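J.: My questions will all concern the structure given below.
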Amino acid sequence: MITIQNNVQLIGHLGDDPEEVIFDSNKKLAKFSLATNHRYKNKEGNTVENTQWHRIVAWDKLAEICIAHLKKGSHVACQGR
């Protein structure tokens, strides 16, 4: 049997400060939007920039680190599934 693993790596900038959510069980969550850009030249030779937004979610200790260190505009590399 072949196991296929889902993996993604994104590098971009935060659109806003991370939002912190604390659950009754004291479990923490940080969520934020990450913008990735793709630049290319179209047939007319004009530079076109395409921005795509991604919702990122981090849990527990990683959520605490995100809340403490990330701010709107931060340049971030994210890896996950």
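Lettering and numbering for the structure tokens are positional, with chains as A, B, ... in the shown order, residues counted from 1 in each chain, and ligands counted from 1 in the shown order.
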Name the residues of chain A that fall into strand (DSSP E) according to DSSP on the backbone, using the chain letters and numbers of this document, as number ranges by chain.
T.: A: 8-14, 19-22, 28-41, 47-59, 75-80
J.: Output C-alpha atoms of each residue in that selection to a file, as a PDB file, in the first residue's frame.
T.:
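Contents of result35.pdb, freshly written:
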```pdb
ATOM      1  CA  VAL A   8       2.336  22.347   1.974  1.00  0.00           C
ATOM      2  CA  GLN A   9       4.937  25.097   2.366  1.00  0.00           C
ATOM      3  CA  LEU A  10       3.957  28.768   2.069  1.00  0.00           C
ATOM      4  CA  ILE A  11       6.071  31.908   2.317  1.00  0.00           C
ATOM      5  CA  GLY A  12       4.350  35.276   2.513  1.00  0.00           C
ATOM      6  CA  HIS A  13       3.244  38.195   4.670  1.00  0.00           C
ATOM      7  CA  LEU A  14       0.601  38.384   7.403  1.00  0.00           C
ATOM      8  CA  GLU A  19      -6.085  36.156  16.524  1.00  0.00           C
ATOM      9  CA  GLU A  20      -5.836  34.141  19.756  1.00  0.00           C
ATOM     10  CA  VAL A  21      -8.586  31.767  20.877  1.00  0.00           C
ATOM     11  CA  ILE A  22      -8.454  30.018  24.277  1.00  0.00           C
ATOM     12  CA  LYS A  28      -4.835  27.628  22.581  1.00  0.00           C
ATOM     13  CA  LEU A  29      -5.336  28.442  18.938  1.00  0.00           C
ATOM     14  CA  ALA A  30      -3.807  31.182  16.785  1.00  0.00           C
ATOM     15  CA  LYS A  31      -5.254  31.972  13.378  1.00  0.00           C
ATOM     16  CA  PHE A  32      -4.138  34.457  10.765  1.00  0.00           C
ATOM     17  CA  SER A  33      -4.220  35.228   7.045  1.00  0.00           C
ATOM     18  CA  LEU A  34      -1.088  34.803   4.940  1.00  0.00           C
ATOM     19  CA  ALA A  35      -0.699  36.484   1.537  1.00  0.00           C
ATOM     20  CA  THR A  36       1.421  34.837  -1.143  1.00  0.00           C
ATOM     21  CA  ASN A  37       2.229  36.682  -4.374  1.00  0.00           C
ATOM     22  CA  HIS A  38       2.924  35.484  -7.904  1.00  0.00           C
ATOM     23  CA  ARG A  39       4.433  37.960 -10.385  1.00  0.00           C
ATOM     24  CA  TYR A  40       4.672  37.362 -14.104  1.00  0.00           C
ATOM     25  CA  LYS A  41       4.705  39.237 -17.401  1.00  0.00           C
ATOM     26  CA  THR A  47       4.096  42.877 -14.975  1.00  0.00           C
ATOM     27  CA  VAL A  48       1.039  41.330 -13.313  1.00  0.00           C
ATOM     28  CA  GLU A  49       0.888  40.525  -9.605  1.00  0.00           C
ATOM     29  CA  ASN A  50      -1.574  37.928  -8.331  1.00  0.00           C
ATOM     30  CA  THR A  51      -2.131  37.709  -4.554  1.00  0.00           C
ATOM     31  CA  GLN A  52      -3.638  34.620  -2.946  1.00  0.00           C
ATOM     32  CA  TRP A  53      -4.808  34.531   0.688  1.00  0.00           C
ATOM     33  CA  HIS A  54      -4.457  31.484   2.958  1.00  0.00           C
ATOM     34  CA  ARG A  55      -5.989  30.907   6.422  1.00  0.00           C
ATOM     35  CA  ILE A  56      -3.362  29.513   8.812  1.00  0.00           C
ATOM     36  CA  VAL A  57      -4.167  27.816  12.128  1.00  0.00           C
ATOM     37  CA  ALA A  58      -1.602  26.966  14.828  1.00  0.00           C
ATOM     38  CA  TRP A  59      -2.267  25.089  18.080  1.00  0.00           C
ATOM     39  CA  HIS A  75       7.347  37.817   6.624  1.00  0.00           C
ATOM     40  CA  VAL A  76       6.603  34.170   7.510  1.00  0.00           C
ATOM     41  CA  ALA A  77       7.340  30.671   6.221  1.00  0.00           C
ATOM     42  CA  CYS A  78       4.689  28.081   7.140  1.00  0.00           C
ATOM     43  CA  GLN A  79       4.804  24.354   6.685  1.00  0.00           C
ATOM     44  CA  GLY A  80       1.991  21.960   7.435  1.00  0.00           C
TER      45      GLY A  80
END
```
J.: Could you pull out the helix (DSSP H, G or I) residues of chain A, going by DSSP on the backbone, and write them as a ChimeraX atom specification?
T.: /A:60-69
J.: With a distance cut-off of 9 Å and only C-alpha atoms, select the neighbouring residues of A:Lys72, excluding the residue or stretch itself and same-chain residues fewer than 2 positions from it, and output the selection as a tab-separated table (two decimals) with C-alpha atoms, in the first residue's frame.
T.:
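To be explicit, this is the file written out as result.tsv:
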```
chain	number	residue	atom	x	y	z
A	13	HIS	CA	3.24	38.19	4.67
A	14	LEU	CA	0.60	38.38	7.40
A	15	GLY	CA	-2.50	40.37	6.49
A	16	ASP	CA	-3.34	41.13	10.12
A	17	ASP	CA	-2.16	40.36	13.66
A	18	PRO	CA	-2.83	36.74	14.68
A	70	LEU	CA	4.00	37.71	14.63
A	74	SER	CA	5.53	39.92	9.21
```
